[in-house]
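This report refers to the structure that appears directly beneath it.
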Protein chains: 2
Amino acid sequence: MPGLVETLKSITPIDPSYLDKAQARLDILTKPKDSLGRLEEFARRYVAITETTRPEIKRKIIFTFAGDHGVADEGVSAFPKEVTRQMVFNFLNGGAGINVLARHAGAEVVVVDIGVDYDFEDAKGLKKKKVVHGTRNIRKGPAMTREETIKCIEEGIMLAEEYGAKGTIFGTGEMGIANTTPSSAIIAAFSGGSVEEVTGRGTGIDDNIFKHKVRVIEDALRANSPDPSDPLDVVAKVGGAEIAGIAGLIIGAAARRIPVVVDGFISTAGALIACELKPVIRDYIFASHNSVERGHRVMFERMRLKPIVDLDLRLGEGTGAALAITLIEASVKIYNEMATFGDAGVSEQNA
Amino acid sequence: MPGLVETLKSITPIDPSYLDKAQARLDILTKPKDSLGRLEEFARRYVAITETTRPEIKRKIIFTFAGDHGVADEGVSAFPKEVTRQMVFNFLNGGAGINVLARHAGAEVVVVDIGVDYDFEDAKGLKKKKVVHGTRNIRKGPAMTREETIKCIEEGIMLAEEYGAKGTIFGTGEMGIANTTPSSAIIAAFSGGSVEEVTGRGTGIDDNIFKHKVRVIEDALRANSPDPSDPLDVVAKVGGAEIAGIAGLIIGAAARRIPVVVDGFISTAGALIACELKPVIRDYIFASHNSVERGHRVMFERMRLKPIVDLDLRLGEGTGAALAITLIEASVKIYNEMATFGDAGVSEQNA
């Protein structure tokens, strides 16, 4: 199994000649040129990522990484910490939002315990990859050691190795009470801007708790001084296990040319870590949705990604990724199944 | 079969108590309150439209209305007029964009010949409801007589009667070379604003043809003086057969409490006619997408509708409606299938 450094080294940009080949096919289909807008963009990118002009989606897998956060002790969330493990059981029983939307999309859900503060029995659909029993409280010191962080990332890379066969598309997702707090801390660390401008209301906190959350993040940045030129330092000090795991899955996906659909704010924090480590990884990412969290837009700008839908979602788990996968799959079907002008005997556009 | 006047009379606003009942259920599902954003809005509206707290989607049908336009003779489109009938054959053979996306959404396509300048043989999937062999050239006079217009609308109402069983969701779509021209004329007639601001490039015309198209629409409005207080006059004089048919389908859907997902710019022109006849019809409409056509936004503002996706589409046929139906169906599944806090043993949000 190649480690983080070798895996990063193996990632290359997509070959733009595949974008042209895909566009050439899209242009002979029975529709005005470019009239399917972003669906055509998705199809072109899918072809270029997978390096085949006969793209297929055989298997869709959403990885929901779960981890606890020491900073939950600061009262930054509307939910108690035990909800992380309770929701893992809900995922395994098929009753959560991600289960419903994954079934709708024809996708599997793989739940990854990367850092929950609870020891799970073996269960169908659960990957036991625990690196920490919850992170430490970032207000007081680093969330994880550098070694733990690299371990989380490499677990993500290993999942991409294990599941990343040809014809597979990945989605990311997460569960971790308080995890918008480290996500905001991560984008604030990179952007260097105001914490308030990249902090939102997570699961739904009031004005007072919001002000408190901003203070906690400011304290965390002061206590840890994460180095923005060293993305591993940022995710170790003010991130979380699931965020590092998601970064690893995305890195592994890029290395294997597997398209990866990134869910909401927390997943995008993971994508940001991956892209700060190697910017070309953005070529392999589909940004699923624009969440209600304010820092999300700042992340997209930094990565030059444009989300697929904007439905005021803020649930996480992979729910936005599941919805976006249905639209990406639609684009691949357009590419594969539409008749050409020649086949259908339809007159072409005037030059 | 009730005619237009009686059908309009039978339409009542949705009962807001159903919105509350739906929200009450959404609020006990295992997610932070409101965290599924617009999906929750879609589910609430679906419950209220269908007046059942156990909503089901048993059947999805996209009606693609086809009609020709005399104004095509003015050279306002990038495609020759015969493409309307060629595309009808493409629809019937399953090779068009709408066929691919309807299959993806699990929807049927019903092709409705309401005004094509060609006599089709009987064919599976084709409803022969021809009212005109193409409209007359609106630059020179009215597209249709008032009687022809009412006939088109009543054919749409009849389709809603025929297909509108409980558990059905409708989508609209259209095919008609040059039909962005009457659609822009319709919104210009209602808004009274500048034609240029509500005119786009349709299937893809260059600057010179665009300027010409604006002139043609200005001439059409001058030649016909459609009365904006009389929506039937507007659609008769500067509209089209498929636009009137779509208006009728939407009116019939509202009368039967069938949710109807409206496709792009031309379909929305049909929705606008319906809503100008009876504003409460908007309660029954889902606006699928925000197209590239500039006049589309002006229509949405007038109807106070917010589109579901924004993917730079401009194909029509019902393609945007098909994509939106997958998202609306996702919302109904969330409503029906997610576990409650009680069922799943998950701790609830702090008050």
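We name chains A, B, ... following the order of the structure tokens; residues begin at 1 in each chain, and ligands are numbered from 1 as shown.
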
Once you count only C-alpha atoms, what closest atom pair and distance in Å to one decimal does each residue of chain A within 7 Å of chain B have, with rows by chain and rising residue number, as a tab-separated table?
```
residue	atom	partner	partner_atom	distance
A:Thr30	CA	B:Ala96	CA	6.4
A:Lys31	CA	B:Leu315	CA	6.8
A:Pro32	CA	B:Thr203	CA	5.4
A:Ser35	CA	B:Arg314	CA	4.9
A:Leu36	CA	B:Leu313	CA	4.8
A:Gly37	CA	B:Asp312	CA	4.6
A:Arg38	CA	B:Leu311	CA	5.1
A:Ala78	CA	B:Asn350	CA	5.5
A:Phe79	CA	B:Gln349	CA	5.0
A:Val83	CA	B:Ser347	CA	6.2
A:Gln86	CA	B:Val346	CA	5.5
A:Met87	CA	B:Val346	CA	6.8
A:Asn90	CA	B:Ala344	CA	6.0
A:Gly95	CA	B:Ala339	CA	4.6
A:Ala96	CA	B:Met338	CA	5.6
A:Gly97	CA	B:Met338	CA	6.1
A:Val100	CA	B:Ile334	CA	6.1
A:Leu101	CA	B:Ala330	CA	6.4
A:His104	CA	B:Ala330	CA	6.5
A:Thr203	CA	B:Pro32	CA	5.4
A:Gly204	CA	B:Pro32	CA	7.0
A:Val309	CA	B:Val309	CA	6.1
A:Leu311	CA	B:Arg38	CA	5.1
A:Asp312	CA	B:Gly37	CA	4.6
A:Leu313	CA	B:Leu36	CA	4.8
A:Arg314	CA	B:Ser35	CA	4.9
A:Leu315	CA	B:Ser35	CA	5.1
A:Ala330	CA	B:Leu101	CA	6.4
A:Lys333	CA	B:Val100	CA	6.7
A:Ile334	CA	B:Val100	CA	6.1
A:Glu337	CA	B:Val100	CA	6.5
A:Met338	CA	B:Gly95	CA	5.0
A:Ala339	CA	B:Gly95	CA	4.6
A:Ala344	CA	B:Asn90	CA	6.0
A:Val346	CA	B:Gln86	CA	5.5
A:Ser347	CA	B:Val83	CA	6.2
A:Glu348	CA	B:Phe79	CA	6.9
A:Gln349	CA	B:Phe79	CA	5.0
A:Asn350	CA	B:Ala78	CA	5.5
```

How would the residues just picked look written out with N, CA, C and O atoms as a short mmCIF file (atom, residue, chain, number, x, y, z; two decimals), in the first residue's frame?
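The result, stored in again.cif:
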```cif
data_model
loop_
_atom_site.label_atom_id
_atom_site.label_comp_id
_atom_site.auth_asym_id
_atom_site.auth_seq_id
_atom_site.Cartn_x
_atom_site.Cartn_y
_atom_site.Cartn_z
N THR A 30 -28.39 15.02 -30.89
CA THR A 30 -29.53 15.79 -31.40
C THR A 30 -30.03 16.83 -30.40
O THR A 30 -31.06 16.66 -29.74
N LYS A 31 -29.28 17.92 -30.35
CA LYS A 31 -29.60 19.07 -29.49
C LYS A 31 -28.77 20.24 -30.00
O LYS A 31 -27.71 20.04 -30.60
N PRO A 32 -29.23 21.46 -29.75
CA PRO A 32 -28.38 22.61 -30.09
C PRO A 32 -27.06 22.51 -29.31
O PRO A 32 -27.04 22.01 -28.18
N SER A 35 -26.41 23.06 -25.38
CA SER A 35 -27.70 23.38 -24.78
C SER A 35 -27.98 22.59 -23.51
O SER A 35 -28.93 22.89 -22.80
N LEU A 36 -27.15 21.59 -23.20
CA LEU A 36 -27.33 20.92 -21.91
C LEU A 36 -26.37 21.47 -20.86
O LEU A 36 -26.19 20.88 -19.78
N GLY A 37 -25.78 22.62 -21.16
CA GLY A 37 -25.07 23.42 -20.16
C GLY A 37 -24.14 22.62 -19.26
O GLY A 37 -23.23 21.94 -19.73
N ARG A 38 -24.40 22.67 -17.99
CA ARG A 38 -23.48 22.04 -17.04
C ARG A 38 -23.54 20.52 -17.11
O ARG A 38 -22.57 19.85 -16.75
N ALA A 78 -25.78 22.35 18.68
CA ALA A 78 -27.14 22.25 19.21
C ALA A 78 -27.45 20.83 19.69
O ALA A 78 -28.50 20.59 20.29
N PHE A 79 -26.54 19.89 19.43
CA PHE A 79 -26.79 18.49 19.79
C PHE A 79 -25.73 17.99 20.76
O PHE A 79 -24.56 18.40 20.68
N VAL A 83 -24.74 11.94 20.05
CA VAL A 83 -25.48 11.82 18.79
C VAL A 83 -24.59 11.26 17.67
O VAL A 83 -25.08 10.57 16.77
N GLN A 86 -24.94 7.58 18.06
CA GLN A 86 -26.35 7.22 17.81
C GLN A 86 -26.65 7.26 16.32
O GLN A 86 -27.35 6.41 15.78
N MET A 87 -26.09 8.27 15.65
CA MET A 87 -26.35 8.39 14.21
C MET A 87 -25.63 7.29 13.42
O MET A 87 -26.12 6.85 12.38
N ASN A 90 -27.99 4.65 13.39
CA ASN A 90 -29.06 5.02 12.46
C ASN A 90 -28.63 4.75 11.01
O ASN A 90 -29.39 4.20 10.21
N GLY A 95 -31.88 4.27 8.43
CA GLY A 95 -32.94 5.24 8.70
C GLY A 95 -32.57 6.70 8.58
O GLY A 95 -33.43 7.57 8.78
N ALA A 96 -31.33 6.99 8.24
CA ALA A 96 -30.90 8.40 8.20
C ALA A 96 -31.13 9.00 6.82
O ALA A 96 -31.39 8.30 5.83
N GLY A 97 -31.00 10.31 6.75
CA GLY A 97 -31.16 11.02 5.47
C GLY A 97 -30.27 10.44 4.39
O GLY A 97 -30.71 10.23 3.25
N VAL A 100 -31.64 7.23 2.84
CA VAL A 100 -32.76 7.45 1.94
C VAL A 100 -32.27 7.98 0.59
O VAL A 100 -32.64 7.48 -0.48
N LEU A 101 -31.39 8.99 0.65
CA LEU A 101 -30.95 9.61 -0.61
C LEU A 101 -29.98 8.73 -1.38
O LEU A 101 -29.94 8.76 -2.61
N HIS A 104 -32.11 6.32 -3.19
CA HIS A 104 -32.69 7.04 -4.33
C HIS A 104 -31.69 7.12 -5.48
O HIS A 104 -32.06 7.00 -6.66
N THR A 203 -25.73 22.88 13.10
CA THR A 203 -27.02 22.20 13.20
C THR A 203 -28.14 23.13 13.65
O THR A 203 -29.29 22.71 13.71
N GLY A 204 -27.79 24.39 13.97
CA GLY A 204 -28.86 25.32 14.32
C GLY A 204 -28.69 25.90 15.71
O GLY A 204 -29.43 25.55 16.63
N VAL A 309 -25.65 21.91 -7.13
CA VAL A 309 -26.97 22.40 -6.73
C VAL A 309 -26.84 23.36 -5.54
O VAL A 309 -25.81 23.40 -4.86
N LEU A 311 -29.47 24.08 -2.62
CA LEU A 311 -30.79 23.75 -2.09
C LEU A 311 -30.89 24.04 -0.59
O LEU A 311 -31.74 23.47 0.09
N ASP A 312 -30.02 24.92 -0.09
CA ASP A 312 -30.05 25.30 1.33
C ASP A 312 -29.89 24.10 2.26
O ASP A 312 -30.47 24.06 3.35
N LEU A 313 -29.12 23.12 1.83
CA LEU A 313 -28.89 21.94 2.66
C LEU A 313 -27.84 22.25 3.72
O LEU A 313 -26.92 23.03 3.49
N ARG A 314 -27.96 21.60 4.86
CA ARG A 314 -26.92 21.68 5.90
C ARG A 314 -26.99 20.45 6.80
O ARG A 314 -26.80 20.54 8.00
N LEU A 315 -27.22 19.30 6.18
CA LEU A 315 -27.31 18.07 6.96
C LEU A 315 -26.00 17.30 6.96
O LEU A 315 -25.65 16.64 7.93
N ALA A 330 -26.96 11.36 -14.78
CA ALA A 330 -27.80 11.82 -15.90
C ALA A 330 -26.92 12.32 -17.04
O ALA A 330 -27.19 12.04 -18.22
N LYS A 333 -25.41 9.44 -18.95
CA LYS A 333 -26.41 8.80 -19.80
C LYS A 333 -26.68 9.63 -21.06
O LYS A 333 -26.85 9.08 -22.15
N ILE A 334 -26.76 10.95 -20.89
CA ILE A 334 -26.91 11.82 -22.07
C ILE A 334 -25.78 11.52 -23.07
O ILE A 334 -26.02 11.31 -24.26
N GLU A 337 -26.35 7.77 -24.44
CA GLU A 337 -27.60 7.23 -24.96
C GLU A 337 -28.31 8.09 -26.00
O GLU A 337 -29.21 7.62 -26.68
N MET A 338 -27.95 9.38 -26.09
CA MET A 338 -28.67 10.22 -27.05
C MET A 338 -28.31 9.85 -28.48
O MET A 338 -27.19 9.48 -28.79
N ALA A 339 -29.29 10.00 -29.37
CA ALA A 339 -29.06 9.77 -30.80
C ALA A 339 -28.25 10.92 -31.39
O ALA A 339 -28.33 12.06 -30.92
N ALA A 344 -30.52 9.96 -36.28
CA ALA A 344 -31.93 10.30 -36.13
C ALA A 344 -32.49 11.00 -37.36
O ALA A 344 -33.70 11.24 -37.43
N VAL A 346 -31.97 14.10 -38.27
CA VAL A 346 -32.39 15.45 -37.89
C VAL A 346 -31.42 16.45 -38.54
O VAL A 346 -30.21 16.25 -38.52
N SER A 347 -31.97 17.51 -39.12
CA SER A 347 -31.14 18.53 -39.78
C SER A 347 -30.30 19.25 -38.74
O SER A 347 -30.75 19.55 -37.64
N GLU A 348 -29.06 19.59 -39.14
CA GLU A 348 -28.16 20.23 -38.18
C GLU A 348 -28.34 21.73 -38.15
O GLU A 348 -28.98 22.33 -39.01
N GLN A 349 -27.70 22.29 -37.11
CA GLN A 349 -27.71 23.73 -36.87
C GLN A 349 -27.06 24.46 -38.05
O GLN A 349 -26.10 23.98 -38.63
N ASN A 350 -27.59 25.64 -38.40
CA ASN A 350 -26.93 26.48 -39.40
C ASN A 350 -25.57 26.90 -38.86
O ASN A 350 -25.42 27.14 -37.67
#
```

Residues near range 212-224 of chain A, anyone? I mean within 8 Å using only C-alpha atoms, not counting same-chain ones fewer than 4 positions away, as a short mmCIF file (atom, residue, chain, number, x, y, z; two decimals) with N, CA and C atoms, in the first residue's frame.
```cif
data_model
loop_
_atom_site.label_atom_id
_atom_site.label_comp_id
_atom_site.auth_asym_id
_atom_site.auth_seq_id
_atom_site.Cartn_x
_atom_site.Cartn_y
_atom_site.Cartn_z
N GLU A 74 -17.12 22.39 24.51
CA GLU A 74 -17.27 23.84 24.65
C GLU A 74 -18.71 24.30 24.40
N VAL A 76 -20.54 24.09 21.48
CA VAL A 76 -20.66 24.82 20.21
C VAL A 76 -21.75 24.25 19.31
N ILE A 138 -9.75 21.53 20.51
CA ILE A 138 -8.86 22.45 19.77
C ILE A 138 -8.76 23.82 20.43
N ARG A 139 -9.68 24.13 21.32
CA ARG A 139 -9.57 25.42 22.01
C ARG A 139 -8.34 25.43 22.91
N LYS A 140 -7.93 24.23 23.30
CA LYS A 140 -6.84 24.13 24.28
C LYS A 140 -5.53 23.64 23.68
N GLY A 141 -5.59 22.98 22.53
CA GLY A 141 -4.37 22.44 21.93
C GLY A 141 -4.71 21.70 20.65
N PRO A 142 -3.77 21.00 20.07
CA PRO A 142 -4.00 20.33 18.79
C PRO A 142 -5.06 19.23 18.88
N THR A 181 -17.26 23.41 13.54
CA THR A 181 -16.27 24.26 14.24
C THR A 181 -14.86 24.05 13.67
N PRO A 182 -14.32 22.82 13.63
CA PRO A 182 -13.01 22.65 12.99
C PRO A 182 -13.01 23.01 11.50
N SER A 184 -14.69 25.42 10.00
CA SER A 184 -14.51 26.87 9.92
C SER A 184 -13.09 27.26 10.30
N ALA A 185 -12.54 26.58 11.32
CA ALA A 185 -11.16 26.88 11.73
C ALA A 185 -10.19 26.61 10.58
N ALA A 189 -7.88 29.35 8.85
CA ALA A 189 -6.42 29.21 8.89
C ALA A 189 -5.81 29.44 7.51
N VAL A 195 -12.76 35.17 11.31
CA VAL A 195 -13.42 33.91 11.68
C VAL A 195 -14.93 34.04 11.50
N GLU A 196 -15.46 35.20 11.90
CA GLU A 196 -16.90 35.36 11.83
C GLU A 196 -17.42 35.16 10.41
N THR A 199 -17.88 31.39 9.57
CA THR A 199 -18.54 30.57 10.58
C THR A 199 -20.05 30.66 10.41
N ASN A 208 -26.37 33.79 20.63
CA ASN A 208 -25.38 33.75 21.71
C ASN A 208 -24.38 32.63 21.51
N LYS A 237 -3.96 20.24 13.79
CA LYS A 237 -4.15 21.15 14.94
C LYS A 237 -5.60 21.57 15.13
N VAL A 238 -6.28 21.95 14.05
CA VAL A 238 -7.64 22.48 14.22
C VAL A 238 -8.68 21.70 13.41
#
```

Exercise. DSSP on the backbone, then: every residue of range 60-261 of chain A marked strand (DSSP E or B), written as a list in words.
Key: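 Here is the list: Lys60, Ile61, Ile62, Phe63, Thr64, Phe65, Ala66, Gly67, Glu108, Val109, Val110, Val111, Val112, Asp113, Ile114, Gly115, Leu126, Lys127, Lys128, Thr168, Ile169, Phe170, Gly171, Thr172, Gly173, Glu174, Met175, Val260 and Val261 of chain A.
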
Keeping only N, CA and C atoms, write the selected residues as an mmCIF file, in the first residue's frame.
```
data_model
loop_
_atom_site.group_PDB
_atom_site.id
_atom_site.type_symbol
_atom_site.label_atom_id
_atom_site.label_comp_id
_atom_site.auth_asym_id
_atom_site.auth_seq_id
_atom_site.Cartn_x
_atom_site.Cartn_y
_atom_site.Cartn_z
ATOM 1 N N LYS A 60 -21.813 3.081 -7.310
ATOM 2 C CA LYS A 60 -21.785 4.384 -6.639
ATOM 3 C C LYS A 60 -21.650 4.122 -5.145
ATOM 4 N N ILE A 61 -20.667 4.719 -4.527
ATOM 5 C CA ILE A 61 -20.429 4.461 -3.102
ATOM 6 C C ILE A 61 -20.249 5.777 -2.363
ATOM 7 N N ILE A 62 -21.025 5.952 -1.324
ATOM 8 C CA ILE A 62 -20.865 7.128 -0.474
ATOM 9 C C ILE A 62 -20.226 6.696 0.842
ATOM 10 N N PHE A 63 -19.090 7.305 1.153
ATOM 11 C CA PHE A 63 -18.368 7.005 2.389
ATOM 12 C C PHE A 63 -18.736 8.058 3.425
ATOM 13 N N THR A 64 -19.359 7.610 4.499
ATOM 14 C CA THR A 64 -19.728 8.530 5.571
ATOM 15 C C THR A 64 -18.769 8.306 6.733
ATOM 16 N N PHE A 65 -17.832 9.234 6.879
ATOM 17 C CA PHE A 65 -16.798 9.146 7.916
ATOM 18 C C PHE A 65 -17.331 9.739 9.215
ATOM 19 N N ALA A 66 -17.206 8.988 10.299
ATOM 20 C CA ALA A 66 -17.701 9.485 11.586
ATOM 21 C C ALA A 66 -16.557 9.699 12.564
ATOM 22 N N GLY A 67 -16.626 10.816 13.283
ATOM 23 C CA GLY A 67 -15.603 11.106 14.282
ATOM 24 C C GLY A 67 -16.127 12.075 15.321
ATOM 25 N N GLU A 108 -24.464 2.801 -2.601
ATOM 26 C CA GLU A 108 -24.230 2.142 -1.317
ATOM 27 C C GLU A 108 -23.703 3.179 -0.326
ATOM 28 N N VAL A 109 -23.937 2.908 0.950
ATOM 29 C CA VAL A 109 -23.336 3.742 1.996
ATOM 30 C C VAL A 109 -22.331 2.884 2.757
ATOM 31 N N VAL A 110 -21.107 3.357 2.828
ATOM 32 C CA VAL A 110 -20.098 2.712 3.662
ATOM 33 C C VAL A 110 -19.818 3.658 4.830
ATOM 34 N N VAL A 111 -20.121 3.202 6.035
ATOM 35 C CA VAL A 111 -19.903 4.032 7.223
ATOM 36 C C VAL A 111 -18.501 3.730 7.744
ATOM 37 N N VAL A 112 -17.715 4.758 7.939
ATOM 38 C CA VAL A 112 -16.329 4.581 8.358
ATOM 39 C C VAL A 112 -16.152 5.191 9.748
ATOM 40 N N ASP A 113 -15.903 4.334 10.741
ATOM 41 C CA ASP A 113 -15.561 4.869 12.072
ATOM 42 C C ASP A 113 -14.077 5.187 12.070
ATOM 43 N N ILE A 114 -13.786 6.457 11.930
ATOM 44 C CA ILE A 114 -12.383 6.887 11.891
ATOM 45 C C ILE A 114 -11.986 7.539 13.216
ATOM 46 N N GLY A 115 -13.013 7.947 13.997
ATOM 47 C CA GLY A 115 -12.627 8.639 15.232
ATOM 48 C C GLY A 115 -13.765 8.846 16.216
ATOM 49 N N LEU A 126 -20.224 -1.270 8.099
ATOM 50 C CA LEU A 126 -19.322 -0.455 8.933
ATOM 51 C C LEU A 126 -17.870 -0.841 8.681
ATOM 52 N N LYS A 127 -17.035 0.129 8.371
ATOM 53 C CA LYS A 127 -15.600 -0.102 8.278
ATOM 54 C C LYS A 127 -14.965 0.447 9.549
ATOM 55 N N LYS A 128 -14.307 -0.427 10.297
ATOM 56 C CA LYS A 128 -13.671 0.001 11.546
ATOM 57 C C LYS A 128 -12.243 0.453 11.259
ATOM 58 N N THR A 168 -16.476 3.088 -11.018
ATOM 59 C CA THR A 168 -17.005 3.472 -9.707
ATOM 60 C C THR A 168 -16.964 4.982 -9.557
ATOM 61 N N ILE A 169 -17.973 5.524 -8.900
ATOM 62 C CA ILE A 169 -17.945 6.931 -8.518
ATOM 63 C C ILE A 169 -18.091 6.988 -6.998
ATOM 64 N N PHE A 170 -17.295 7.844 -6.374
ATOM 65 C CA PHE A 170 -17.344 7.992 -4.918
ATOM 66 C C PHE A 170 -18.110 9.250 -4.534
ATOM 67 N N GLY A 171 -18.743 9.191 -3.387
ATOM 68 C CA GLY A 171 -19.245 10.390 -2.738
ATOM 69 C C GLY A 171 -18.668 10.436 -1.338
ATOM 70 N N THR A 172 -18.497 11.630 -0.806
ATOM 71 C CA THR A 172 -18.018 11.756 0.570
ATOM 72 C C THR A 172 -19.167 12.191 1.471
ATOM 73 N N GLY A 173 -19.024 11.904 2.748
ATOM 74 C CA GLY A 173 -19.992 12.370 3.721
ATOM 75 C C GLY A 173 -19.395 12.240 5.108
ATOM 76 N N GLU A 174 -20.068 12.777 6.100
ATOM 77 C CA GLU A 174 -19.498 12.736 7.454
ATOM 78 C C GLU A 174 -20.580 12.873 8.509
ATOM 79 N N MET A 175 -20.199 12.483 9.717
ATOM 80 C CA MET A 175 -21.019 12.677 10.906
ATOM 81 C C MET A 175 -20.069 12.947 12.053
ATOM 82 N N VAL A 260 -14.851 11.872 -7.697
ATOM 83 C CA VAL A 260 -15.284 11.921 -6.298
ATOM 84 C C VAL A 260 -16.167 13.152 -6.090
ATOM 85 N N VAL A 261 -17.359 12.888 -5.565
ATOM 86 C CA VAL A 261 -18.357 13.934 -5.377
ATOM 87 C C VAL A 261 -18.327 14.349 -3.911
#
```

Quiz item: Between B:Tyr118, B:Gly167, B:Thr7, B:Ser229, which is the closest to Thr52 in chain B once you count only C-alpha atoms?
Solution: B:Gly167

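Using only C-alpha atoms, the smallest distance between any of B:Ala188, B:Leu232, B:Ser194, B:Leu92 and Ala143 in chain B comes from B:Leu232.
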
Excluding Met158 in chain A and residues on its chain fewer than 6 positions from it, collect all residues at most 12 Å away from it, counting only C-alpha atoms, and give them as a short mmCIF file (atom, residue, chain, number, x, y, z; two decimals) with N, CA, C and O atoms, in the first residue's frame.
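Produced file part.cif, reproduced below:
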```cif
data_model
loop_
_atom_site.label_atom_id
_atom_site.label_comp_id
_atom_site.auth_asym_id
_atom_site.auth_seq_id
_atom_site.Cartn_x
_atom_site.Cartn_y
_atom_site.Cartn_z
N MET A 1 0.85 -1.21 0.00
CA MET A 1 0.00 0.00 0.00
C MET A 1 0.88 1.25 0.00
O MET A 1 1.68 1.44 0.92
N PRO A 2 0.75 2.10 -1.03
CA PRO A 2 1.55 3.32 -1.03
C PRO A 2 1.05 4.29 0.04
O PRO A 2 -0.15 4.40 0.28
N GLY A 3 1.94 4.99 0.69
CA GLY A 3 1.57 5.96 1.73
C GLY A 3 1.19 7.30 1.12
O GLY A 3 1.07 7.44 -0.11
N LEU A 4 0.99 8.29 1.99
CA LEU A 4 0.52 9.60 1.55
C LEU A 4 1.46 10.25 0.54
O LEU A 4 1.03 10.73 -0.51
N THR A 7 1.48 8.53 -2.83
CA THR A 7 0.19 8.69 -3.49
C THR A 7 0.06 10.09 -4.07
O THR A 7 -0.35 10.26 -5.23
N VAL A 112 -17.72 4.76 7.94
CA VAL A 112 -16.33 4.58 8.36
C VAL A 112 -16.15 5.19 9.75
O VAL A 112 -16.28 6.40 9.93
N LYS A 127 -17.03 0.13 8.37
CA LYS A 127 -15.60 -0.10 8.28
C LYS A 127 -14.97 0.45 9.55
O LYS A 127 -15.09 1.64 9.84
N LYS A 129 -12.04 1.74 11.22
CA LYS A 129 -10.75 2.33 10.87
C LYS A 129 -10.35 3.35 11.92
O LYS A 129 -9.72 4.36 11.61
N LYS A 151 -2.21 8.99 9.65
CA LYS A 151 -2.89 7.69 9.72
C LYS A 151 -4.34 7.83 9.20
O LYS A 151 -4.80 6.98 8.42
N CYS A 152 -5.05 8.87 9.62
CA CYS A 152 -6.42 9.09 9.14
C CYS A 152 -6.44 9.24 7.62
O CYS A 152 -7.28 8.65 6.93
N GLY A 164 -11.95 1.37 -5.27
CA GLY A 164 -11.86 2.19 -6.48
C GLY A 164 -11.66 1.43 -7.77
O GLY A 164 -10.67 1.64 -8.47
N GLY A 245 -9.73 11.89 7.09
CA GLY A 245 -10.10 10.68 6.35
C GLY A 245 -10.68 11.02 4.98
O GLY A 245 -10.37 10.36 3.97
N ILE A 246 -11.53 12.04 4.94
CA ILE A 246 -12.13 12.47 3.66
C ILE A 246 -11.04 12.99 2.73
O ILE A 246 -11.03 12.68 1.53
N ALA A 247 -10.10 13.77 3.29
CA ALA A 247 -8.97 14.24 2.47
C ALA A 247 -8.25 13.04 1.86
O ALA A 247 -7.92 13.04 0.66
N GLY A 248 -8.06 12.00 2.65
CA GLY A 248 -7.37 10.81 2.16
C GLY A 248 -8.15 10.10 1.08
O GLY A 248 -7.59 9.67 0.05
N LEU A 249 -9.46 9.96 1.27
CA LEU A 249 -10.29 9.30 0.25
C LEU A 249 -10.18 10.06 -1.08
O LEU A 249 -10.05 9.44 -2.15
N ILE A 250 -10.20 11.38 -1.00
CA ILE A 250 -10.14 12.20 -2.23
C ILE A 250 -8.77 12.07 -2.89
O ILE A 250 -8.65 11.95 -4.11
N ILE A 251 -7.73 12.06 -2.08
CA ILE A 251 -6.37 11.87 -2.61
C ILE A 251 -6.27 10.50 -3.30
O ILE A 251 -5.77 10.39 -4.42
N GLY A 252 -6.78 9.48 -2.63
CA GLY A 252 -6.74 8.14 -3.21
C GLY A 252 -7.57 8.05 -4.48
O GLY A 252 -7.19 7.37 -5.44
N ALA A 253 -8.72 8.74 -4.49
CA ALA A 253 -9.57 8.74 -5.68
C ALA A 253 -8.83 9.38 -6.85
O ALA A 253 -8.82 8.85 -7.97
N ALA A 255 -5.69 9.62 -7.31
CA ALA A 255 -4.58 8.75 -7.73
C ALA A 255 -5.08 7.61 -8.62
O ALA A 255 -4.36 7.14 -9.50
N ARG A 256 -6.31 7.16 -8.39
CA ARG A 256 -6.85 6.05 -9.17
C ARG A 256 -7.79 6.52 -10.27
O ARG A 256 -8.46 5.71 -10.90
#
```

Self-check item: Residues within 8 Å of Asn179 in chain A, only C-alpha atoms, excluding chain neighbours under 5 positions, as JSON, numbers by chain
Solution: {"A": [68, 69, 240, 266]}

Exercise. Give me every helix (DSSP H, G or I) residue in range 49-254 of chain B, going by DSSP on the backbone, as JSON, numbers by chain.
Key: {"B": [49, 50, 70, 71, 72, 73, 74, 83, 84, 85, 86, 87, 88, 89, 90, 91, 92, 97, 98, 99, 100, 101, 102, 103, 104, 105, 146, 147, 148, 149, 150, 151, 152, 153, 154, 155, 156, 157, 158, 159, 160, 161, 162, 163, 180, 181, 182, 183, 184, 185, 186, 187, 188, 189, 190, 191, 196, 197, 198, 207, 208, 209, 210, 211, 212, 213, 214, 215, 216, 217, 218, 219, 220, 221, 222, 223, 224, 231, 232, 233, 234, 235, 236, 237, 238, 241, 242, 243, 244, 245, 246, 247, 248, 249, 250, 251, 252, 253, 254]}

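Rounded to one decimal, CA of Val262 in chain B and CA of Gly75 in chain B lie 27.5 Å from each other.
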